$ cat target.txt   # compact mmCIF, C-alpha atoms
# COMPACT_ATOMS: atom_id res chain seq x y z
CA MET P 1 44.01 7.04 -46.10
CA ASP P 2 44.78 6.76 -49.84
CA GLY P 3 47.99 8.32 -51.05
CA GLU P 4 49.31 8.95 -47.56
CA GLU P 5 52.32 7.45 -45.87
CA GLN P 6 51.78 5.60 -42.61
CA GLN P 7 54.51 5.49 -40.00
CA PRO P 8 54.42 2.74 -37.36
CA PRO P 9 55.94 2.97 -33.92
CA HIS P 10 59.37 1.35 -33.87
CA GLU P 11 59.36 -0.31 -30.49
CA ALA P 12 57.18 -1.78 -27.79
CA ASN P 13 57.28 -0.90 -24.12
CA VAL P 14 60.20 -2.84 -22.67
CA GLU P 15 63.27 -1.76 -20.73
CA PRO P 16 65.51 0.84 -22.36
CA VAL P 17 68.76 -0.47 -23.82
CA VAL P 18 72.32 0.63 -24.18
CA PRO P 19 74.06 -2.13 -26.13
CA SER P 20 77.68 -3.19 -26.15
CA GLU P 21 79.93 -5.72 -27.84
CA ALA P 22 81.84 -8.28 -25.82
CA SER P 23 85.13 -7.23 -27.44
CA GLU P 24 84.80 -3.70 -26.07
CA PRO P 25 86.46 -2.99 -22.70
CA VAL P 26 84.05 -2.05 -19.94
CA PRO P 27 85.16 -0.11 -16.85
CA ARG P 28 85.06 -2.26 -13.75
CA VAL P 29 83.24 -1.10 -10.65
CA LEU P 30 85.34 -0.95 -7.51
CA SER P 31 84.10 -2.79 -4.45
CA GLY P 32 82.29 -0.69 -1.92
CA ASP P 33 78.88 0.13 -0.55
CA PRO P 34 76.31 -0.47 -3.37
CA GLN P 35 74.26 2.46 -2.09
CA ASN P 36 77.16 4.79 -2.90
CA LEU P 37 77.41 3.74 -6.58
CA SER P 38 76.75 6.43 -9.15
CA ASP P 39 74.32 5.84 -12.02
CA VAL P 40 77.23 5.34 -14.40
CA ASP P 41 78.89 2.82 -12.09
CA ALA P 42 75.63 0.93 -11.65
CA PHE P 43 75.15 0.87 -15.41
CA ASN P 44 78.69 -0.42 -15.95
CA LEU P 45 78.17 -3.13 -13.34
CA LEU P 46 75.02 -4.42 -15.05
CA LEU P 47 76.67 -4.13 -18.44
CA GLU P 48 79.66 -6.16 -17.28
CA MET P 49 77.34 -8.86 -15.94
CA LYS P 50 75.56 -8.95 -19.29
CA LEU P 51 78.80 -9.24 -21.25
CA LYS P 52 79.96 -12.13 -19.09
CA ARG P 53 76.78 -14.00 -20.06
CA ARG P 54 77.19 -13.14 -23.75
CA ARG P 55 79.01 -15.88 -25.65
CA GLN P 56 82.00 -14.86 -27.80
CA ARG P 57 81.27 -17.79 -30.12
CA PRO P 58 77.62 -18.61 -29.53
CA ASN P 59 76.29 -22.07 -30.28
CA LEU P 60 73.37 -21.11 -32.50
CA PRO P 61 70.57 -23.18 -34.11
CA ARG P 62 70.85 -23.93 -37.83
CA THR P 63 67.88 -21.62 -38.48
CA VAL P 64 69.96 -18.53 -37.52
CA THR P 65 71.56 -16.31 -40.16
CA GLN P 66 74.28 -13.89 -39.03
CA LEU P 67 74.62 -10.45 -40.63
CA VAL P 68 77.18 -7.73 -39.90
CA ALA P 69 76.51 -3.99 -40.23
CA GLU P 70 79.08 -1.50 -41.53
CA ASP P 71 79.83 -0.26 -38.00
CA GLY P 72 80.48 -3.79 -36.71
CA SER P 73 77.09 -4.37 -35.12
CA ARG P 74 75.89 -7.97 -35.42
CA VAL P 75 72.40 -9.15 -36.32
CA TYR P 76 71.26 -12.73 -35.72
CA VAL P 77 68.14 -13.45 -37.80
CA VAL P 78 66.15 -16.43 -36.53
CA GLY P 79 64.06 -17.93 -39.35
CA THR P 80 60.92 -19.48 -37.88
CA ALA P 81 57.82 -21.45 -38.78
CA HIS P 82 54.95 -19.57 -37.16
CA PHE P 83 53.29 -22.77 -35.86
CA SER P 84 56.30 -24.58 -34.42
CA ASP P 85 57.57 -25.60 -31.00
CA ASP P 86 61.08 -25.98 -32.43
CA SER P 87 61.01 -22.34 -33.52
CA LYS P 88 60.17 -21.28 -29.98
CA ARG P 89 63.18 -23.18 -28.68
CA ASP P 90 65.42 -21.69 -31.39
CA VAL P 91 64.41 -18.15 -30.37
CA VAL P 92 64.99 -18.80 -26.65
CA LYS P 93 68.39 -20.40 -27.26
CA THR P 94 69.58 -17.57 -29.54
CA ILE P 95 68.61 -14.78 -27.14
CA ARG P 96 70.21 -16.54 -24.19
CA GLU P 97 73.42 -17.20 -26.14
CA VAL P 98 74.02 -13.70 -27.56
CA GLN P 99 72.37 -11.54 -24.83
CA PRO P 100 71.15 -8.97 -27.39
CA ASP P 101 70.74 -5.25 -27.00
CA VAL P 102 67.69 -5.18 -29.26
CA VAL P 103 65.14 -7.83 -30.26
CA VAL P 104 63.16 -7.15 -33.45
CA VAL P 105 60.08 -9.25 -34.29
CA GLU P 106 57.91 -9.60 -37.39
CA LEU P 107 54.92 -7.84 -35.83
CA CYS P 108 53.31 -4.41 -36.19
CA GLN P 109 51.28 -2.35 -33.71
CA TYR P 110 48.03 -3.88 -35.02
CA ARG P 111 49.13 -7.39 -33.95
CA VAL P 112 51.05 -6.57 -30.78
CA SER P 113 48.19 -7.80 -28.56
CA MET P 114 49.23 -11.42 -29.20
CA LEU P 115 52.37 -10.83 -27.11
CA LYS P 116 50.42 -10.55 -23.86
CA MET P 117 47.68 -13.13 -24.45
CA ASP P 118 47.99 -16.64 -23.08
CA GLU P 119 47.99 -19.64 -25.41
CA SER P 120 44.45 -20.78 -24.58
CA THR P 121 42.96 -17.34 -25.28
CA LEU P 122 44.85 -17.01 -28.56
CA LEU P 123 43.83 -20.51 -29.60
CA ARG P 124 40.18 -19.68 -29.00
CA GLU P 125 40.42 -16.29 -30.73
CA ALA P 126 42.18 -17.76 -33.78
CA GLN P 127 39.53 -20.44 -34.24
CA GLU P 128 36.56 -18.08 -33.94
CA LEU P 129 35.75 -15.80 -36.87
CA SER P 130 32.79 -13.66 -35.83
CA LEU P 131 30.75 -10.92 -37.50
CA GLU P 132 32.30 -8.46 -35.05
CA LYS P 133 35.79 -9.32 -36.32
CA LEU P 134 34.60 -8.85 -39.90
CA GLN P 135 33.14 -5.42 -39.11
CA GLN P 136 36.34 -4.39 -37.33
CA ALA P 137 38.47 -5.50 -40.29
CA VAL P 138 36.26 -3.59 -42.75
CA ARG P 139 36.34 -0.41 -40.61
CA GLN P 140 40.10 -0.64 -40.25
CA ASN P 141 41.09 -1.59 -43.81
CA GLY P 142 38.13 -0.85 -46.06
CA LEU P 143 35.68 -3.32 -47.60
CA MET P 144 37.90 -5.30 -50.00
CA SER P 145 41.00 -5.27 -47.77
CA GLY P 146 38.88 -6.19 -44.75
CA LEU P 147 37.31 -9.14 -46.57
CA MET P 148 40.75 -10.30 -47.73
CA GLN P 149 42.07 -10.05 -44.17
CA MET P 150 39.20 -12.20 -42.93
CA LEU P 151 39.91 -14.80 -45.61
CA LEU P 152 43.56 -14.94 -44.54
CA LEU P 153 42.43 -15.21 -40.92
CA LYS P 154 40.34 -18.16 -42.04
CA VAL P 155 43.53 -19.79 -43.34
CA SER P 156 45.21 -19.15 -39.98
CA ALA P 157 42.17 -20.56 -38.18
CA HIS P 158 42.31 -23.66 -40.38
CA ILE P 159 45.97 -24.27 -39.48
CA THR P 160 45.20 -23.56 -35.81
CA GLU P 161 42.37 -26.08 -35.82
CA GLN P 162 44.46 -28.71 -37.61
CA LEU P 163 47.49 -28.39 -35.31
CA GLY P 164 45.84 -27.30 -32.05
CA MET P 165 48.51 -24.61 -31.71
CA ALA P 166 48.09 -20.82 -31.53
CA PRO P 167 50.15 -18.72 -33.99
CA GLY P 168 53.02 -16.44 -33.00
CA GLY P 169 54.46 -18.52 -30.17
CA GLU P 170 58.01 -17.59 -31.18
CA PHE P 171 57.20 -13.88 -30.80
CA ARG P 172 55.82 -14.40 -27.31
CA GLU P 173 58.95 -16.33 -26.35
CA ALA P 174 61.10 -13.52 -27.76
CA PHE P 175 59.16 -10.98 -25.70
CA LYS P 176 59.62 -12.99 -22.51
CA GLU P 177 63.33 -13.61 -23.06
CA ALA P 178 64.04 -9.98 -24.00
CA SER P 179 62.60 -8.86 -20.67
CA LYS P 180 65.19 -11.03 -18.89
CA VAL P 181 68.20 -9.47 -20.65
CA PRO P 182 69.56 -6.27 -19.01
CA PHE P 183 69.02 -3.11 -21.09
CA CYS P 184 67.23 -4.93 -23.92
CA LYS P 185 64.84 -3.08 -26.21
CA PHE P 186 61.99 -4.78 -28.01
CA HIS P 187 61.15 -3.45 -31.49
CA LEU P 188 58.15 -4.09 -33.74
CA GLY P 189 59.74 -4.57 -37.15
CA ASP P 190 56.89 -5.33 -39.58
CA ARG P 191 54.99 -2.95 -41.85
CA PRO P 192 51.51 -2.02 -40.54
CA ILE P 193 49.06 -4.64 -41.74
CA PRO P 194 46.49 -2.14 -43.16
CA VAL P 195 49.18 -0.81 -45.52
CA THR P 196 50.09 -4.33 -46.63
CA PHE P 197 46.51 -5.38 -47.31
CA LYS P 198 45.58 -2.17 -49.12
CA ARG P 199 48.66 -2.37 -51.35
CA ALA P 200 47.99 -6.07 -52.00
CA ILE P 201 44.38 -5.46 -53.01
CA ALA P 202 45.37 -2.52 -55.22
CA ALA P 203 47.95 -4.69 -57.01
CA LEU P 204 45.44 -7.40 -58.01
CA SER P 205 42.97 -7.30 -60.88
CA PHE P 206 39.31 -8.03 -60.25
CA TRP P 207 39.54 -11.62 -61.49
CA GLN P 208 42.72 -12.24 -59.49
CA LYS P 209 40.84 -11.12 -56.38
CA VAL P 210 38.01 -13.52 -57.21
CA ARG P 211 40.41 -16.43 -57.79
CA LEU P 212 42.32 -15.73 -54.59
CA ALA P 213 39.14 -15.40 -52.52
CA TRP P 214 37.77 -18.62 -54.01
CA GLY P 215 40.94 -20.53 -53.16
CA LEU P 216 41.04 -19.21 -49.60
CA CYS P 217 37.33 -19.88 -49.01
CA PHE P 218 37.64 -23.56 -49.91
CA LEU P 219 40.91 -24.31 -48.15
CA SER P 220 40.39 -27.58 -46.29
CA ASP P 221 43.45 -29.77 -46.86
CA PRO P 222 44.73 -31.43 -43.67
CA ILE P 223 48.04 -30.12 -42.32
CA SER P 224 50.42 -32.08 -40.10
CA LYS P 225 53.15 -30.85 -37.79
CA ASP P 226 55.68 -32.42 -40.15
CA ASP P 227 54.37 -30.15 -42.92
CA VAL P 228 55.02 -27.09 -40.75
CA GLU P 229 58.50 -28.19 -39.70
CA ARG P 230 59.44 -28.80 -43.35
CA CYS P 231 58.87 -25.08 -43.89
CA LYS P 232 62.23 -24.51 -42.19
CA GLN P 233 63.94 -25.96 -45.26
CA LYS P 234 64.95 -23.21 -47.66
CA ASP P 235 64.52 -25.44 -50.72
CA LEU P 236 60.87 -26.15 -49.82
CA LEU P 237 60.21 -22.45 -49.20
CA GLU P 238 61.73 -21.49 -52.54
CA GLN P 239 59.53 -24.08 -54.23
CA MET P 240 56.41 -22.72 -52.48
CA MET P 241 57.33 -19.14 -53.36
CA ALA P 242 57.94 -20.10 -57.00
CA GLU P 243 54.45 -21.60 -57.19
CA MET P 244 52.97 -18.49 -55.58
CA ILE P 245 54.86 -16.14 -57.93
CA GLY P 246 53.57 -18.04 -60.94
CA GLU P 247 49.96 -17.56 -59.87
CA PHE P 248 49.94 -14.16 -58.10
CA PRO P 249 53.23 -12.32 -58.75
CA ASP P 250 51.84 -8.95 -57.63
CA LEU P 251 50.59 -10.48 -54.39
CA HIS P 252 54.02 -11.95 -53.71
CA ARG P 253 55.61 -8.56 -54.31
CA THR P 254 53.39 -6.71 -51.83
CA ILE P 255 53.07 -9.36 -49.11
CA VAL P 256 56.58 -10.85 -49.22
CA SER P 257 59.13 -8.79 -51.18
CA GLU P 258 58.09 -5.36 -49.90
CA ARG P 259 58.00 -6.63 -46.33
CA ASP P 260 61.48 -8.10 -46.85
CA VAL P 261 62.65 -4.56 -47.58
CA TYR P 262 60.82 -3.13 -44.57
CA LEU P 263 62.12 -5.79 -42.17
CA THR P 264 65.68 -5.26 -43.46
CA TYR P 265 65.34 -1.52 -42.91
CA MET P 266 64.10 -2.01 -39.33
CA LEU P 267 66.90 -4.46 -38.52
CA ARG P 268 69.48 -2.01 -39.84
CA GLN P 269 67.92 0.79 -37.80
CA ALA P 270 68.24 -1.36 -34.68
CA ALA P 271 71.85 -2.35 -35.47
CA ARG P 272 73.50 0.98 -34.69
CA ARG P 273 76.44 1.82 -32.47
CA LEU P 274 75.22 3.43 -29.28
CA GLU P 275 76.92 5.80 -26.91
CA LEU P 276 77.81 4.67 -23.39
CA PRO P 277 76.95 7.00 -20.50
CA ARG P 278 79.70 9.32 -19.24
CA ALA P 279 80.56 10.23 -15.68
CA SER P 280 81.04 13.86 -16.76
CA ASP P 281 80.94 16.04 -19.88
CA ALA P 282 84.74 16.17 -19.82
CA GLU P 283 84.96 12.42 -20.37
CA PRO P 284 85.36 11.47 -24.07
CA ARG P 285 82.40 9.95 -25.85
CA LYS P 286 82.50 6.21 -26.41
CA CYS P 287 80.29 4.20 -28.79
CA VAL P 288 80.11 0.44 -29.07
CA PRO P 289 78.61 -1.97 -31.67
CA SER P 290 75.25 -3.47 -30.84
CA VAL P 291 73.95 -7.03 -30.93
CA VAL P 292 70.49 -7.56 -32.43
CA VAL P 293 68.27 -10.63 -32.68
CA GLY P 294 65.61 -10.61 -35.41
CA VAL P 295 62.70 -13.07 -35.24
CA VAL P 296 61.03 -13.44 -38.66
CA GLY P 297 59.32 -16.08 -40.75
CA MET P 298 61.78 -18.26 -42.64
CA GLY P 299 60.32 -17.08 -45.94
CA HIS P 300 61.68 -13.57 -45.29
CA VAL P 301 65.27 -14.61 -44.54
CA PRO P 302 66.50 -14.85 -48.19
CA GLY P 303 65.04 -11.41 -48.95
CA ILE P 304 66.66 -9.87 -45.86
CA GLU P 305 70.03 -11.34 -46.86
CA LYS P 306 69.59 -10.02 -50.39
CA ASN P 307 68.66 -6.49 -49.25
CA TRP P 308 71.14 -6.21 -46.38
CA SER P 309 73.87 -4.35 -48.29
CA THR P 310 71.65 -2.35 -50.64
CA ASP P 311 70.32 1.21 -50.35
CA LEU P 312 66.75 1.08 -49.06
CA ASN P 313 63.93 3.59 -49.41
CA ILE P 314 60.75 2.56 -47.61
CA GLN P 315 58.74 5.69 -48.46
CA GLU P 316 57.33 4.14 -51.63
CA ILE P 317 56.22 0.89 -49.98
CA MET P 318 54.53 2.83 -47.17
CA THR P 319 52.23 4.71 -49.57
CA VAL P 320 48.75 3.37 -50.26
CA PRO P 321 47.87 3.93 -53.96
CA PRO P 322 44.47 5.41 -54.83
CA PRO P 323 41.85 2.85 -55.91
CA SER P 324 41.73 2.01 -59.62
CA VAL P 325 38.61 2.01 -61.80
CA SER P 326 38.44 -1.79 -61.58
CA GLY P 327 38.79 -1.50 -57.82
CA ARG P 328 35.84 0.88 -57.60
CA VAL P 329 33.76 -1.38 -59.84
CA SER P 330 34.63 -4.46 -57.79
CA ARG P 331 33.73 -2.70 -54.54
CA LEU P 332 30.37 -1.63 -56.00
CA ALA P 333 29.78 -5.17 -57.24
CA VAL P 334 30.56 -6.64 -53.82
CA LYS P 335 28.31 -4.11 -52.10
CA ALA P 336 25.48 -4.76 -54.57
CA ALA P 337 25.84 -8.52 -54.14
CA PHE P 338 25.94 -8.18 -50.35
CA PHE P 339 22.85 -6.01 -50.10
CA GLY P 340 21.08 -8.11 -52.73
CA LEU P 341 21.70 -11.29 -50.76
CA LEU P 342 20.67 -9.51 -47.56
CA GLY P 343 17.41 -8.30 -49.12
CA TYR P 344 16.62 -11.71 -50.58
CA SER P 345 17.37 -13.38 -47.26
CA LEU P 346 15.02 -11.01 -45.42
CA TYR P 347 12.30 -11.59 -48.05
CA TRP P 348 12.69 -15.38 -47.84
CA MET P 349 12.71 -15.35 -44.04
CA GLY P 350 9.62 -13.12 -44.02
CA ARG P 351 7.70 -15.47 -46.31
CA ARG P 352 8.81 -18.48 -44.34
CA THR P 353 7.84 -16.90 -41.05
CA ALA P 354 4.45 -15.82 -42.38
CA SER P 355 3.65 -19.32 -43.69
CA LEU P 356 4.65 -20.86 -40.36
CA VAL P 357 2.46 -18.42 -38.43
CA LEU P 358 -0.54 -18.95 -40.71
CA SER P 359 -0.25 -22.72 -40.36
CA LEU P 360 -0.83 -22.51 -36.60
CA PRO P 361 -4.34 -23.62 -35.42
CA ALA P 362 -4.89 -20.37 -33.56
CA ALA P 363 -4.08 -18.32 -36.67
CA GLN P 364 -6.36 -20.46 -38.83
CA TYR P 365 -9.18 -20.05 -36.31
CA CYS P 366 -8.76 -16.27 -36.32
CA LEU P 367 -8.77 -16.18 -40.13
CA GLN P 368 -11.93 -18.29 -40.20
CA ARG P 369 -13.68 -15.93 -37.77
CA VAL P 370 -12.63 -12.91 -39.83
CA THR P 371 -13.91 -14.55 -43.02
CA GLU P 372 -17.28 -15.37 -41.36
CA ALA P 373 -17.60 -11.79 -40.01
CA ARG P 374 -16.99 -10.33 -43.48
CA HIS P 375 -19.51 -12.73 -44.99
CA LYS P 376 -22.21 -11.64 -42.47
CA GLU P 377 -21.51 -7.97 -43.19
CA LYS P 378 -22.06 -8.53 -46.91
CA ASN P 379 -25.35 -10.28 -46.21
$ encode --input "target.txt" --output "structure tokens"
Amino acid sequence: MDGEEQQPPHEANVEPVVPSEASEPVPRVLSGDPQNLSDVDAFNLLLEMKLKRRRQRPNLPRTVTQLVAEDGSRVYVVGTAHFSDDSKRDVVKTIREVQPDVVVVELCQYRVSMLKMDESTLLREAQELSLEKLQQAVRQNGLMSGLMQMLLLKVSAHITEQLGMAPGGEFREAFKEASKVPFCKFHLGDRPIPVTFKRAIAALSFWQKVRLAWGLCFLSDPISKDDVERCKQKDLLEQMMAEMIGEFPDLHRTIVSERDVYLTYMLRQAARRLELPRASDAEPRKCVPSVVVGVVGMGHVPGIEKNWSTDLNIQEIMTVPPPSVSGRVSRLAVKAAFFGLLGYSLYWMGRRTASLVLSLPAAQYCLQRVTEARHKEKN
């Protein structure tokens, strides 16, 4: 709804987590009958096993950026190319090396379904843009935002068709690996996509919307796997972003910069010291730093680094502005054009169908009989 803030859920349904840092001492469990272990002892046993698997000095891929929170919690941000087998391997290696307490991915609740779909289903879904998908996008985001979403889906479908690879493979790998780590939470860290699209559409003028739609509609350049892998290079990304800023600066702000802020906020929320369970209320409280792995597109990594130590307020970027006068006019123009084309199409199809029917021998015979009957009546 316009002017209202939208709050997404912060995590998906995975095992609950209580994180710890390898440098923190963990009470050892004495040998004995496992059935006689208390909940705290069982927790400490699993935690100790996890810390033994966690590397003090992990051997991380070059696409990983390490950030440290004020309380000592560590965040490993994996910059990925969304259509890349190498990115999948980078995510798996990072999670196995650091044994995180929380995994945060660049997804929102509207795209979480891709985590549980198999590759073949996703590949088919990404390549097929149906009228049903268009109607769903319009109902969910409004007319202009829904049409823009479908155009961007067309871009994704184009890349999918060119590479034969479904998008979001690194997120599915992160989901699988997180489920293998004891006490690991899985958080959805991206801003809800309806908010992003509505803010993006509101930021563009009418002619900017037309230019963007035109460019997306006629996207047909071939894309190779080498092109995708080159997106891991920061210099290439900065060049691409500079070109985008020069043409649609407001679009870059809403789709990239604002989401950089949101992703940074969610990573910082995940990177908090957590309290270990106590055997009794008399036992002193003990908190330990957490280890977090973030899985985001490489284009967001510079913005996350830039915003990491700044004060963040996400209330403003979660508010959908009311439609402008130009926005109302453009929506009316699109509706008028749509219904005009629909009416003309029905008229043309009706004339075409009528001419085909009248050209049939049976129809001509019936018309001749009717004409003769009328002629006899006049006589």
$ residues_around --input "target.txt" --residues "Ile193 (chain P)" --least-positions-apart "2" --cutoff "9 Å" --atoms "all atoms listed in the file" --output "ChimeraX atom specification"
/P:107-111,141,190-191,195-198
$ atom_distance --input "target.txt" --atom1 "CA of Met117 (chain P)" --atom2 "CA of Ala174 (chain P)"
13.8 Å
$ closest_residue --input "target.txt" --among "P:Leu356, P:Met165, P:Leu342, P:Met298" --to "Arg62 (chain P)" --atoms "all atoms listed in the file"
P:Met298
$ residues_near_point --input "target.txt" --point "(80.1, -21.0, -29.4)" --cutoff "12 Å" --atoms "all atoms listed in the file" --output "count of residues only"
12
$ closest_residue --input "target.txt" --among "P:Leu188, P:Ala178, P:Ala333, P:Val292" --to "Gly72 (chain P)" --atoms "all atoms listed in the file"
P:Val292
$ closest_residue --input "target.txt" --among "P:Gln99, P:Ser205, P:Gln315, P:Ser290" --to "Gln269 (chain P)" --atoms "all atoms listed in the file"
P:Ser290
$ closest_residue --input "target.txt" --among "P:Thr371, P:Ser73, P:Thr264, P:Ser113" --to "Pro302 (chain P)" --atoms "all atoms listed in the file"
P:Thr264
$ residues_around --input "target.txt" --residues "Gly169 (chain P)" --least-positions-apart "5" --cutoff "9 Å" --atoms "all atoms listed in the file" --output "list in words"
His82, Phe83, Ser84, Asp85, Ser87, Lys88, Met114, Leu115, Glu119 and Ala174 of chain P
$ closest_residue --input "target.txt" --among "P:Ala166, P:Val75, P:Leu360, P:Val181" --to "Asp118 (chain P)" --atoms "only C-alpha atoms"
P:Ala166
$ atom_distance --input "target.txt" --atom1 "CA of Leu312 (chain P)" --atom2 "CA of Val261 (chain P)"
7.1 Å
$ atom_distance --input "target.txt" --atom1 "CA of Val92 (chain P)" --atom2 "CA of Arg268 (chain P)"
21.8 Å
